$ cat work-v4.cif   # mmCIF, C-alpha atoms
data_target
#
loop_
_atom_site.label_atom_id
_atom_site.label_comp_id
_atom_site.auth_asym_id
_atom_site.auth_seq_id
_atom_site.Cartn_x
_atom_site.Cartn_y
_atom_site.Cartn_z
CA MET R 163 -94.29 -32.54 30.62
CA GLU R 164 -91.86 -35.04 31.97
CA GLU R 165 -89.52 -34.45 29.04
CA ALA R 166 -89.42 -30.70 29.70
CA THR R 167 -88.63 -31.28 33.39
CA GLN R 168 -85.93 -33.76 32.49
CA GLU R 169 -84.48 -31.21 30.04
CA GLU R 170 -84.44 -28.41 32.67
CA LEU R 171 -82.69 -30.65 35.21
CA THR R 172 -80.04 -31.53 32.66
CA ARG R 173 -79.35 -27.88 31.92
CA ARG R 174 -79.36 -27.07 35.61
CA SER R 175 -76.95 -29.89 36.42
CA PHE R 176 -74.75 -28.84 33.49
CA LEU R 177 -74.61 -25.24 34.70
CA THR R 178 -74.02 -26.33 38.28
CA ARG R 179 -71.17 -28.55 37.22
CA SER R 180 -69.72 -25.81 35.01
CA ILE R 181 -69.80 -23.29 37.86
CA VAL R 182 -68.23 -25.76 40.30
CA ALA R 183 -65.52 -26.63 37.74
CA ALA R 184 -64.78 -22.94 37.05
CA GLY R 185 -64.61 -22.25 40.81
CA GLY R 186 -62.28 -25.20 41.31
CA LEU R 187 -60.07 -24.04 38.46
CA ILE R 188 -59.85 -20.51 39.86
CA THR R 189 -59.12 -21.88 43.35
CA ALA R 190 -56.39 -24.16 42.00
CA LEU R 191 -54.88 -21.27 40.06
CA PHE R 192 -54.76 -18.98 43.11
CA ALA R 193 -53.49 -21.78 45.33
CA GLY R 194 -50.72 -22.60 42.84
CA VAL R 195 -49.60 -19.01 42.47
CA GLY R 196 -49.87 -18.28 46.20
CA GLY R 197 -48.21 -21.54 47.19
CA GLY R 198 -45.42 -20.95 44.70
CA TYR R 199 -44.85 -17.48 46.13
CA PHE R 200 -44.58 -18.78 49.70
CA LEU R 201 -42.50 -21.83 48.79
CA SER R 202 -40.16 -20.10 46.32
CA PRO R 203 -37.41 -19.50 48.93
CA LEU R 204 -37.05 -23.27 49.19
CA TRP R 205 -36.08 -23.51 45.53
CA ASN R 206 -33.73 -20.52 45.49
CA LYS R 207 -30.17 -21.56 46.18
CA LYS R 208 -28.46 -19.30 48.69
CA LYS R 209 -25.33 -17.71 47.34
CA GLU R 210 -22.24 -17.94 49.49
CA SER R 211 -20.99 -14.47 50.37
CA TRP R 212 -17.22 -14.73 50.60
CA ILE R 213 -15.64 -11.51 51.86
CA ASP R 214 -12.20 -10.29 50.80
CA LEU R 215 -10.04 -9.53 53.87
CA GLY R 216 -7.06 -8.27 51.91
CA LEU R 217 -3.74 -9.54 50.70
CA THR R 218 -2.24 -12.64 52.30
CA SER R 219 1.03 -10.71 52.62
CA ASP R 220 -0.69 -8.38 55.13
CA PHE R 221 -0.68 -11.15 57.76
CA LYS R 222 2.45 -12.00 59.79
CA GLU R 223 3.24 -15.62 60.55
CA GLY R 224 2.32 -16.66 64.09
CA VAL R 225 0.86 -13.25 65.00
CA PRO R 226 -2.95 -13.03 65.18
CA LYS R 227 -4.46 -9.99 63.52
CA LYS R 228 -7.96 -8.68 64.12
CA VAL R 229 -9.70 -7.73 60.87
CA ASP R 230 -12.94 -5.74 60.66
CA PHE R 231 -15.30 -6.22 57.73
CA THR R 232 -18.87 -5.52 56.62
CA VAL R 233 -21.38 -8.33 56.13
CA ARG R 234 -24.14 -7.66 53.60
CA LYS R 235 -27.30 -9.75 53.64
CA LYS R 236 -30.10 -9.35 51.15
CA ASP R 237 -33.57 -9.48 52.68
CA ALA R 238 -36.24 -9.16 49.99
CA TRP R 239 -35.59 -5.71 48.50
CA ALA R 240 -33.38 -4.37 51.30
CA THR R 241 -29.70 -5.03 51.84
CA ILE R 242 -28.77 -5.13 55.51
CA GLU R 243 -25.19 -4.26 56.44
CA SER R 244 -23.58 -5.16 59.74
CA LYS R 245 -20.05 -4.74 61.05
CA SER R 246 -18.14 -7.79 62.20
CA SER R 247 -14.59 -8.95 62.77
CA ALA R 248 -12.40 -12.03 62.90
CA TRP R 249 -9.01 -12.97 64.27
CA ILE R 250 -6.74 -14.28 61.50
CA VAL R 251 -3.78 -16.57 62.20
CA THR R 252 -1.29 -18.10 59.75
CA THR R 253 1.82 -20.17 60.27
CA ASP R 254 3.00 -20.36 56.68
CA LYS R 255 1.14 -17.63 54.72
CA LYS R 256 -0.56 -20.42 52.74
CA SER R 257 -3.12 -21.74 55.21
CA PHE R 258 -5.16 -19.40 57.36
CA ILE R 259 -7.44 -19.79 60.36
CA ALA R 260 -10.21 -17.26 61.00
CA PHE R 261 -11.61 -17.23 64.53
CA ASP R 262 -15.03 -15.89 65.49
CA PRO R 263 -14.31 -12.92 67.82
CA LYS R 264 -16.61 -14.22 70.56
CA CYS R 265 -15.59 -16.47 73.45
CA THR R 266 -17.24 -19.89 73.35
CA HIS R 267 -18.30 -19.57 76.98
CA LEU R 268 -20.75 -16.65 76.97
CA GLY R 269 -19.92 -14.79 73.77
CA CYS R 270 -17.72 -12.08 75.30
CA PRO R 271 -15.14 -10.45 73.01
CA TYR R 272 -11.59 -11.61 73.66
CA ARG R 273 -8.22 -10.05 72.75
CA TRP R 274 -4.72 -11.18 71.87
CA ASN R 275 -1.99 -10.71 74.50
CA ASP R 276 1.45 -10.43 72.86
CA GLU R 277 3.35 -11.02 76.11
CA LYS R 278 1.58 -14.28 76.99
CA LYS R 279 1.03 -15.31 73.35
CA GLN R 280 -2.59 -16.17 74.20
CA PHE R 281 -6.13 -15.01 73.54
CA LEU R 282 -7.62 -13.66 76.79
CA CYS R 283 -11.29 -13.28 77.62
CA PRO R 284 -11.73 -10.76 80.45
CA CYS R 285 -15.22 -11.89 81.53
CA HIS R 286 -14.35 -15.19 83.19
CA THR R 287 -10.54 -15.35 82.82
CA ALA R 288 -10.66 -17.77 79.91
CA THR R 289 -7.46 -18.24 77.94
CA PHE R 290 -6.97 -19.80 74.50
CA SER R 291 -3.80 -20.78 72.63
CA VAL R 292 -2.86 -19.26 69.27
CA ASP R 293 -4.57 -22.23 67.56
CA GLY R 294 -7.81 -21.58 69.49
CA LYS R 295 -7.62 -24.43 72.02
CA VAL R 296 -8.82 -23.83 75.58
CA ILE R 297 -5.92 -23.41 78.01
CA SER R 298 -7.91 -22.46 81.11
CA GLY R 299 -11.27 -21.17 82.24
CA PRO R 300 -14.86 -22.25 81.73
CA PRO R 301 -15.23 -22.36 77.89
CA PRO R 302 -16.73 -25.71 76.82
CA ARG R 303 -14.88 -25.89 73.49
CA PRO R 304 -12.13 -24.22 71.41
CA LEU R 305 -12.73 -20.96 69.57
CA ASP R 306 -15.19 -21.19 66.68
CA ARG R 307 -13.72 -20.89 63.19
CA TYR R 308 -14.94 -19.44 59.93
CA PRO R 309 -14.15 -21.08 56.58
CA THR R 310 -11.30 -19.42 54.68
CA LYS R 311 -9.79 -19.71 51.24
CA VAL R 312 -7.07 -17.99 49.28
CA VAL R 313 -7.98 -16.67 45.85
CA GLY R 314 -4.94 -15.41 44.00
CA SER R 315 -3.14 -13.43 46.67
CA HIS R 316 -6.30 -12.46 48.60
CA LEU R 317 -7.65 -14.04 51.78
CA MET R 318 -11.39 -14.72 51.67
CA ILE R 319 -13.67 -15.51 54.62
CA LEU R 320 -17.20 -16.91 54.81
CA PRO R 321 -18.70 -15.40 57.99
CA ASP R 322 -22.01 -17.23 57.64
CA ILE R 323 -23.13 -18.69 60.97
CA SER R 324 -24.67 -21.72 59.26
CA LYS R 325 -21.34 -22.49 57.56
CA GLU R 326 -19.31 -21.88 60.70
CA ALA R 327 -16.82 -24.62 61.43
CA LYS R 328 -16.66 -25.61 65.08
CA VAL R 329 -13.48 -27.34 66.08
#
$ encode --input "work-v4.cif" --output "structure tokens"
Amino acid sequence: MEEATQEELTRRSFLTRSIVAAGGLITALFAGVGGGYFLSPLWNKKKESWIDLGLTSDFKEGVPKKVDFTVRKKDAWATIESKSSAWIVTTDKKSFIAFDPKCTHLGCPYRWNDEKKQFLCPCHTATFSVDGKVISGPPPRPLDRYPTKVVGSHLMILPDISKEAKV
């Protein structure tokens, strides 16, 4: 009788171990697939979205020009579009500066004044020079800049906040 009992326990332990192993395998499979799904954004490289602002010949030397553009961001299956703008300045039609259109004090929109040759923020009387430096008022730093590049004869801008160059 002892042999029969020993034989049953061996089968039982084999089946128990098989069920535990199968459960562990299934759990590992689901954890791997689920973990991969949630961690996949870490492995995907974000594409830089350079935006064409037009021909470089459209910009006059020493005269800031406000340019409106549409930013498209892909979020899962939806593409979200938002309107934005930038102030473009060039001194030689080869190098360009693109300023974020918000004052560095509280984010108010500023404008260019042709008479004074300055950017003026109406909220707290801040003034900035044509190169974005603070002339007067409460702003803590110069105007924020966006990266630019010239491709062929077109001016490109990268209006990504994470890539924004603060000077």
$ closest_residue --input "work-v4.cif" --among "R:Thr232, R:Val195, R:Leu317, R:Lys311" --to "R:Asp220" --atoms "only C-alpha atoms"
R:Leu317
$ residues_near_point --input "work-v4.cif" --point "(-15.2, -12.9, 66.2)" --cutoff "9 Å" --atoms "all atoms listed in the file" --output "ChimeraX atom specification"
/R:228,246-249,260-265,271-272,306-307
$ closest_residue --input "work-v4.cif" --among "R:Ile319, R:Val225, R:Ile188, R:Ile297" --to "R:Glu277" --atoms "all atoms listed in the file"
R:Val225
$ residues_near_point --input "work-v4.cif" --point "(-16.4, -27.7, 75.8)" --cutoff "12 Å" --atoms "all atoms listed in the file" --output "VMD selection string"
chain R and resid 265 to 268 295 to 306 328 to 329
$ resolve_selection --input "work-v4.cif" --expression "the PyMOL selection byres ((chain R and resi 314) around 12)" --output "JSON, numbers by chain"
{"R": [214, 216, 217, 218, 219, 256, 311, 312, 313, 315, 316, 317, 318]}
$ build_atoms --input "work-v4.cif" --residues "stretch 191-202 of chain R" --atoms "N, CA and C atoms" --output "PDB file, in the coordinates of the input"
ATOM      1  N   LEU R 191     -55.787 -22.267  40.606  1.00  0.00           N
ATOM      2  CA  LEU R 191     -54.880 -21.270  40.060  1.00  0.00           C
ATOM      3  C   LEU R 191     -54.324 -20.363  41.158  1.00  0.00           C
ATOM      4  N   PHE R 192     -55.209 -19.837  42.005  1.00  0.00           N
ATOM      5  CA  PHE R 192     -54.760 -18.980  43.110  1.00  0.00           C
ATOM      6  C   PHE R 192     -53.908 -19.741  44.111  1.00  0.00           C
ATOM      7  N   ALA R 193     -54.271 -20.971  44.399  1.00  0.00           N
ATOM      8  CA  ALA R 193     -53.490 -21.780  45.330  1.00  0.00           C
ATOM      9  C   ALA R 193     -52.102 -22.071  44.762  1.00  0.00           C
ATOM     10  N   GLY R 194     -52.017 -22.347  43.474  1.00  0.00           N
ATOM     11  CA  GLY R 194     -50.720 -22.600  42.840  1.00  0.00           C
ATOM     12  C   GLY R 194     -49.827 -21.384  42.851  1.00  0.00           C
ATOM     13  N   VAL R 195     -50.388 -20.242  42.489  1.00  0.00           N
ATOM     14  CA  VAL R 195     -49.600 -19.010  42.470  1.00  0.00           C
ATOM     15  C   VAL R 195     -49.202 -18.618  43.890  1.00  0.00           C
ATOM     16  N   GLY R 196     -50.161 -18.645  44.803  1.00  0.00           N
ATOM     17  CA  GLY R 196     -49.870 -18.280  46.200  1.00  0.00           C
ATOM     18  C   GLY R 196     -48.904 -19.250  46.855  1.00  0.00           C
ATOM     19  N   GLY R 197     -49.114 -20.537  46.632  1.00  0.00           N
ATOM     20  CA  GLY R 197     -48.210 -21.540  47.190  1.00  0.00           C
ATOM     21  C   GLY R 197     -46.811 -21.416  46.618  1.00  0.00           C
ATOM     22  N   GLY R 198     -46.729 -21.158  45.324  1.00  0.00           N
ATOM     23  CA  GLY R 198     -45.420 -20.950  44.700  1.00  0.00           C
ATOM     24  C   GLY R 198     -44.698 -19.753  45.269  1.00  0.00           C
ATOM     25  N   TYR R 199     -45.448 -18.690  45.555  1.00  0.00           N
ATOM     26  CA  TYR R 199     -44.850 -17.480  46.130  1.00  0.00           C
ATOM     27  C   TYR R 199     -44.265 -17.789  47.518  1.00  0.00           C
ATOM     28  N   PHE R 200     -45.033 -18.497  48.346  1.00  0.00           N
ATOM     29  CA  PHE R 200     -44.580 -18.780  49.700  1.00  0.00           C
ATOM     30  C   PHE R 200     -43.499 -19.853  49.755  1.00  0.00           C
ATOM     31  N   LEU R 201     -43.488 -20.762  48.804  1.00  0.00           N
ATOM     32  CA  LEU R 201     -42.500 -21.830  48.790  1.00  0.00           C
ATOM     33  C   LEU R 201     -41.269 -21.518  47.949  1.00  0.00           C
ATOM     34  N   SER R 202     -41.282 -20.415  47.207  1.00  0.00           N
ATOM     35  CA  SER R 202     -40.160 -20.100  46.320  1.00  0.00           C
ATOM     36  C   SER R 202     -38.818 -19.983  47.028  1.00  0.00           C
TER      37      SER R 202
END
